[in-house]
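See below for input16.txt, which holds compact mmCIF, C-alpha atoms.
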# COMPACT_ATOMS: atom_id res chain seq x y z
CA MET A 1 -19.69 47.03 73.95
CA TYR A 2 -16.47 45.09 74.39
CA ARG A 3 -16.61 41.64 72.87
CA LYS A 4 -14.11 38.86 73.22
CA ILE A 5 -13.77 36.09 70.61
CA CYS A 6 -12.35 32.71 71.67
CA LEU A 7 -11.52 29.65 69.61
CA PHE A 8 -11.41 26.82 72.13
CA LEU A 9 -9.49 23.69 71.22
CA THR A 10 -11.36 20.62 72.33
CA LEU A 11 -10.42 17.09 73.15
CA ALA A 12 -13.33 14.98 74.26
CA SER A 13 -13.56 12.41 77.01
CA THR A 14 -11.35 9.33 76.87
CA VAL A 15 -12.96 7.57 79.80
CA PRO A 16 -16.57 7.31 80.92
CA VAL A 17 -17.59 10.61 82.45
CA LEU A 18 -20.51 10.72 84.84
CA ASN A 19 -20.96 14.45 84.44
CA SER A 20 -23.28 14.97 81.48
CA PHE A 21 -21.87 18.45 81.01
CA ALA A 22 -18.46 16.95 80.29
CA GLU A 23 -19.90 14.67 77.63
CA ASN A 24 -22.16 17.28 76.09
CA PRO A 25 -21.25 20.78 77.27
CA ASN A 26 -24.25 22.52 75.69
CA PHE A 27 -22.85 25.95 76.44
CA GLN A 28 -25.71 28.35 77.07
CA GLU A 29 -25.67 31.88 75.69
CA GLY A 30 -26.06 34.40 78.50
CA GLN A 31 -25.08 31.79 81.13
CA THR A 32 -21.80 30.01 80.42
CA THR A 33 -18.67 31.92 81.41
CA VAL A 34 -15.13 31.89 80.03
CA PRO A 35 -13.68 30.07 83.10
CA GLN A 36 -16.33 27.36 82.79
CA MET A 37 -15.55 26.78 79.15
CA ARG A 38 -11.80 26.89 79.72
CA ASN A 39 -12.12 24.30 82.50
CA TYR A 40 -14.15 22.11 80.18
CA PHE A 41 -11.63 22.17 77.36
CA ASN A 42 -8.66 21.81 79.70
CA GLY A 43 -10.40 18.75 81.14
CA ARG A 44 -10.74 17.27 77.68
CA LYS A 45 -7.05 17.83 77.02
CA ALA A 46 -6.13 16.18 80.31
CA GLU A 47 -8.27 13.19 79.46
CA TYR A 48 -6.70 12.99 76.01
CA ASN A 49 -3.24 12.92 77.61
CA GLN A 50 -4.45 10.13 79.89
CA TYR A 51 -5.72 8.30 76.82
CA LEU A 52 -2.25 8.53 75.27
CA ALA A 53 -0.70 7.14 78.46
CA ASP A 54 -3.26 4.32 78.62
CA LEU A 55 -2.72 3.53 74.94
CA ALA A 56 1.06 3.38 75.43
CA ALA A 57 0.58 0.98 78.36
CA TYR A 58 -1.82 -1.12 76.27
CA ASN A 59 0.63 -1.34 73.38
CA GLN A 60 3.48 -2.25 75.75
CA ALA A 61 1.34 -5.00 77.29
CA ILE A 62 0.83 -6.46 73.81
CA VAL A 63 4.58 -6.41 73.19
CA ASP A 64 5.29 -8.00 76.57
CA GLN A 65 2.66 -10.68 76.05
CA GLN A 66 4.00 -11.55 72.60
CA ALA A 67 7.53 -11.78 74.01
CA TRP A 68 6.26 -14.09 76.76
CA ASP A 69 4.48 -16.28 74.22
CA ASN A 70 7.54 -16.45 71.98
CA ASN A 71 9.68 -17.44 74.96
CA LYS A 72 7.21 -20.19 75.87
CA ILE A 73 7.28 -21.53 72.33
CA GLN A 74 11.08 -21.63 72.44
CA GLU A 75 11.13 -23.32 75.85
CA ASP A 76 8.55 -25.90 74.73
CA ARG A 77 10.63 -26.63 71.66
CA GLU A 78 13.76 -27.10 73.78
CA GLN A 79 11.81 -29.37 76.15
CA GLN A 80 10.69 -31.53 73.24
CA GLN A 81 14.28 -31.81 72.06
CA THR A 82 15.44 -32.74 75.56
CA GLN A 83 12.82 -35.47 75.84
CA ALA A 84 13.66 -36.73 72.37
CA SER A 85 17.36 -36.92 73.27
CA LEU A 86 16.60 -38.81 76.48
CA GLN A 87 14.38 -41.25 74.60
CA THR A 88 17.07 -41.81 71.97
CA ALA A 89 19.59 -42.59 74.71
CA ILE A 90 17.13 -45.03 76.32
CA ASP A 91 16.50 -46.77 73.00
CA GLN A 92 20.23 -47.07 72.37
CA LYS A 93 20.83 -48.50 75.83
CA SER A 94 17.97 -50.96 75.41
CA HIS A 95 19.57 -52.17 72.18
CA GLU A 96 22.85 -52.70 74.06
CA CYS A 97 20.99 -54.74 76.66
CA SER A 98 19.82 -57.15 73.98
CA GLN A 99 23.47 -57.91 73.25
CA SER A 100 24.41 -58.69 76.85
CA GLN A 101 26.57 -61.80 77.25
CA SER A 102 25.29 -62.90 80.65
CA PRO A 103 22.22 -62.57 82.93
CA GLU A 104 24.26 -60.33 85.23
CA GLU A 105 25.12 -57.95 82.41
CA LEU A 106 21.52 -58.00 81.20
CA GLN A 107 20.17 -57.23 84.69
CA ALA A 108 22.59 -54.36 85.19
CA CYS A 109 21.81 -52.96 81.74
CA GLN A 110 18.07 -53.15 82.29
CA GLN A 111 18.48 -51.36 85.63
CA THR A 112 20.33 -48.60 83.82
CA VAL A 113 17.50 -48.33 81.29
CA SER A 114 14.97 -48.12 84.13
CA ASP A 115 16.98 -45.37 85.81
CA MET A 116 17.16 -43.47 82.54
CA GLN A 117 13.41 -43.76 82.08
CA THR A 118 12.83 -42.49 85.61
CA GLN A 119 15.10 -39.55 84.86
CA MET A 120 13.15 -38.78 81.69
CA TYR A 121 9.80 -38.89 83.52
CA GLU A 122 11.11 -36.72 86.36
CA GLN A 123 12.46 -34.18 83.89
CA ALA A 124 9.08 -34.03 82.13
CA ALA A 125 7.24 -33.62 85.45
CA ALA A 126 9.60 -30.85 86.53
CA TYR A 127 9.00 -29.01 83.27
CA ASN A 128 5.23 -29.37 83.63
CA ASP A 129 5.46 -27.87 87.12
CA TYR A 130 7.56 -25.04 85.73
CA ARG A 131 5.00 -24.35 83.02
CA GLN A 132 2.17 -24.25 85.53
CA ASN A 133 4.08 -21.78 87.69
CA GLN A 134 4.89 -19.61 84.67
CA ALA A 135 1.26 -19.49 83.53
CA GLY A 136 0.51 -16.85 86.15
CA THR A 137 3.27 -14.58 84.88
CA ARG A 138 1.88 -14.10 81.37
CA PRO A 139 1.28 -10.34 80.85
CA VAL A 140 -2.39 -9.43 80.68
CA VAL A 141 -3.65 -7.20 77.88
CA GLY A 142 -6.74 -5.32 78.93
CA GLN A 143 -9.34 -3.67 76.77
CA ARG A 144 -7.98 -1.24 74.23
CA PRO A 145 -8.46 2.36 75.44
CA THR A 146 -10.99 4.36 73.48
CA PHE A 147 -11.10 8.03 72.71
CA HIS A 148 -14.43 9.69 72.03
CA ASP A 149 -13.46 12.32 69.50
CA ASN A 150 -16.02 15.09 69.83
CA THR A 151 -14.52 17.29 67.13
CA ALA A 152 -17.84 19.03 66.53
CA GLU A 153 -16.82 21.64 69.08
CA LEU A 154 -13.76 22.42 66.96
CA ASP A 155 -16.03 23.98 64.37
CA LYS A 156 -17.21 26.68 66.74
CA ALA A 157 -15.97 29.97 68.07
CA TYR A 158 -17.51 31.78 70.98
CA ILE A 159 -18.11 35.49 71.56
CA PHE A 160 -18.20 36.78 75.14
CA ASP A 161 -19.45 40.05 76.52
CA GLY A 162 -17.59 42.32 78.93
CA ASN A 163 -18.62 40.13 81.86
CA GLN A 164 -16.94 37.09 80.25
CA THR A 165 -20.32 35.49 79.69
CA LEU A 166 -21.11 33.66 76.48
CA LYS A 167 -22.95 36.01 74.15
CA GLU A 168 -22.97 34.18 70.84
CA LYS A 169 -21.94 30.86 69.33
CA VAL A 170 -20.32 31.11 65.93
CA ASN A 171 -20.78 27.90 64.00
CA ILE A 172 -19.22 28.95 60.70
CA VAL A 173 -15.48 28.36 60.76
CA GLY A 174 -13.50 31.36 59.59
CA GLU A 175 -16.35 33.83 59.98
CA ARG A 176 -14.38 35.48 62.78
CA ASN A 177 -10.70 36.32 63.03
CA MET A 178 -9.39 32.93 64.04
CA GLU A 179 -5.69 32.05 63.80
CA ASP A 180 -3.77 28.84 64.24
CA GLU A 181 -0.59 28.35 66.26
CA ARG A 182 1.41 29.69 63.31
CA GLY A 183 -0.55 32.91 63.13
CA GLN A 184 -2.26 31.85 59.91
CA LYS A 185 -5.96 32.38 59.34
CA ILE A 186 -8.32 29.48 59.90
CA ASN A 187 -10.61 29.83 56.94
CA ASN A 188 -12.50 26.56 56.69
CA GLU A 189 -13.15 23.23 58.31
CA GLU A 190 -10.10 21.64 56.70
CA ASP A 191 -7.90 24.25 58.39
CA VAL A 192 -9.42 23.31 61.73
CA ARG A 193 -8.87 19.60 61.12
CA ASN A 194 -5.27 20.26 60.16
CA TYR A 195 -4.76 22.29 63.32
CA TYR A 196 -6.21 19.47 65.38
CA THR A 197 -3.95 16.92 63.68
CA ARG A 198 -0.81 18.95 64.25
CA ASN A 199 -1.46 19.63 67.90
CA TYR A 200 -3.24 16.53 69.14
CA ARG A 201 -2.87 13.59 66.80
CA ASN A 202 0.89 13.78 66.32
CA THR A 203 3.45 13.15 69.03
CA ASN A 204 4.53 16.75 69.09
CA PRO A 205 6.61 17.58 72.18
CA ASN A 206 5.67 21.24 71.83
CA ALA A 207 1.94 20.62 71.50
CA GLN A 208 1.06 21.44 75.09
CA ALA A 209 3.04 24.68 75.02
CA GLU A 210 1.32 25.70 71.80
CA ILE A 211 -2.10 24.87 73.23
CA ASP A 212 -1.43 26.84 76.41
CA ALA A 213 -0.18 29.79 74.38
CA GLN A 214 -3.30 29.72 72.21
CA ILE A 215 -5.59 29.67 75.25
CA GLU A 216 -3.56 32.36 76.97
CA ALA A 217 -4.00 34.55 73.91
CA THR A 218 -7.78 34.43 74.38
CA ARG A 219 -7.63 35.85 77.90
So, in terms of structure tokens, how does the structure I just supplied come out?
Amino acid sequence: MYRKICLFLTLASTVPVLNSFAENPNFQEGQTTVPQMRNYFNGRKAEYNQYLADLAAYNQAIVDQQAWDNNKIQEDREQQQTQASLQTAIDQKSHECSQSQSPEELQACQQTVSDMQTQMYEQAAAYNDYRQNQAGTRPVVGQRPTFHDNTAELDKAYIFDGNQTLKEKVNIVGERNMEDERGQKINNEEDVRNYYTRNYRNTNPNAQAEIDAQIEATR
């Protein structure tokens, strides 16, 4: 009888999945069909791609938050310098007041000092308001995305009968005629891990095309 051998390439769920079948497919011999299994593995790949997108957004949020924090540190430092400069000017003016030659000069000098102090306080209050308004603009970094790596399914091949129904699970890697995307034999578990690394772990722009070609070859 005609038998079809498929090596499915799995990527497990990256987000909580309510469907227990998605988390633990438990393919049943004599029941599970090729389309069901293909949908399962395609779903895992889609979720892995979403994980990559979520991870990129998470990493960018960290970068944005750090940039915001660095900018705040710089602005706070500049504010301290501004206040220090204003205080130095006030102290210098106060010293000049002590050398006034007449009550009129002293009164005018002291008024100038008072105006300078008011300016310093107003500048500090304005900066405090600015900081409070800016607090709501700090980028938020959410929880780091997780990827449940169910690579156990990578160690299996599946044999289907003429009705495209699962006939036998093959749990020994290399026992059947499995090939990687380069046409080389997959002889052991290390070969499978290497295949997984090349096509899923690395940022390979051709990975999806290779995966689709490998699945298409099993049809």
Next item on the list: Taking the point (13.2, -42.6, 82.7) as given in the file, collect each protein or nucleic acid residue that comes within 12 Å of it, counting all atoms listed in the file, and present the set as a list in words.
Entry: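 It turns out the residues near that spot are Gln83, Ala84, Ser85, Leu86, Gln87, Thr88, Ala89, Ile90, Asp91, Lys93, Gln110, Gln111, Thr112, Val113, Ser114, Asp115, Met116, Gln117, Thr118, Gln119, Met120, Tyr121, Glu122, Gln123, Ala124 and Ala125 of chain A.
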Note to self: as a ChimeraX atom specification, please: the residues near Ala61 in chain A (cut-off 7 Å, all atoms listed in the file, same-chain neighbours under 5 positions excluded).
What the structure shows: /A:139-141
Can those selected residues be exported to a file as a PDB file, in the coordinates of the input so that it contains C-alpha atoms?
ATOM      1  CA  PRO A 139       1.280 -10.340  80.850  1.00  0.00           C
ATOM      2  CA  VAL A 140      -2.390  -9.430  80.680  1.00  0.00           C
ATOM      3  CA  VAL A 141      -3.650  -7.200  77.880  1.00  0.00           C
TER       4      VAL A 141
END
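Closest approach to Gln132 in chain A among A:Lys72, A:Gly183, A:Pro103, A:Asn49: A:Lys72, based on only C-alpha atoms.
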Notebook entry, point to check: If you measure from CA of Phe147 in chain A to CA of Val63 in chain A, what distance in Å do you get, rounded to one decimal?
Noted result: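 Atom-to-atom, CA of Phe147 in chain A and CA of Val63 in chain A are spaced 21.3 Å apart.
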Notebook entry, point to check: If you measure from CA of Tyr51 in chain A to CA of Asn39 in chain A, what distance in Å do you get, rounded to one decimal?
Noted result: 18.1 Å
Checklist line | Best match for closeness to Gly142 in chain A among A:Cys97, A:Ile186, A:Ala108, A:Ala57, counting all atoms listed in the file | finding: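 Using all atoms listed in the file, Gly142 in chain A sits closest to A:Ala57.
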Checklist line | Protein/DNA/RNA residues near (-18.3, 35.1, 83.9), cut 6 Å, all atoms listed in the file, as a list in words | finding: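 Answer for this query, in the requested form: Thr33, Val34, Asn163, Gln164 and Thr165 of chain A.
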Margin query: I'd like to know which of A:Tyr40, A:Tyr130, A:Tyr48, A:Phe160 is closest to Gln79 in chain A, using all atoms listed in the file.
Written below: A:Tyr130
Check: From the list A:Arg138, A:Arg44, A:His95, A:Arg144, which residue is nearest Asp69 in chain A when using only C-alpha atoms?
Finding: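 Checking each candidate against Asp69 in chain A, we get A:Arg138 as the closest.
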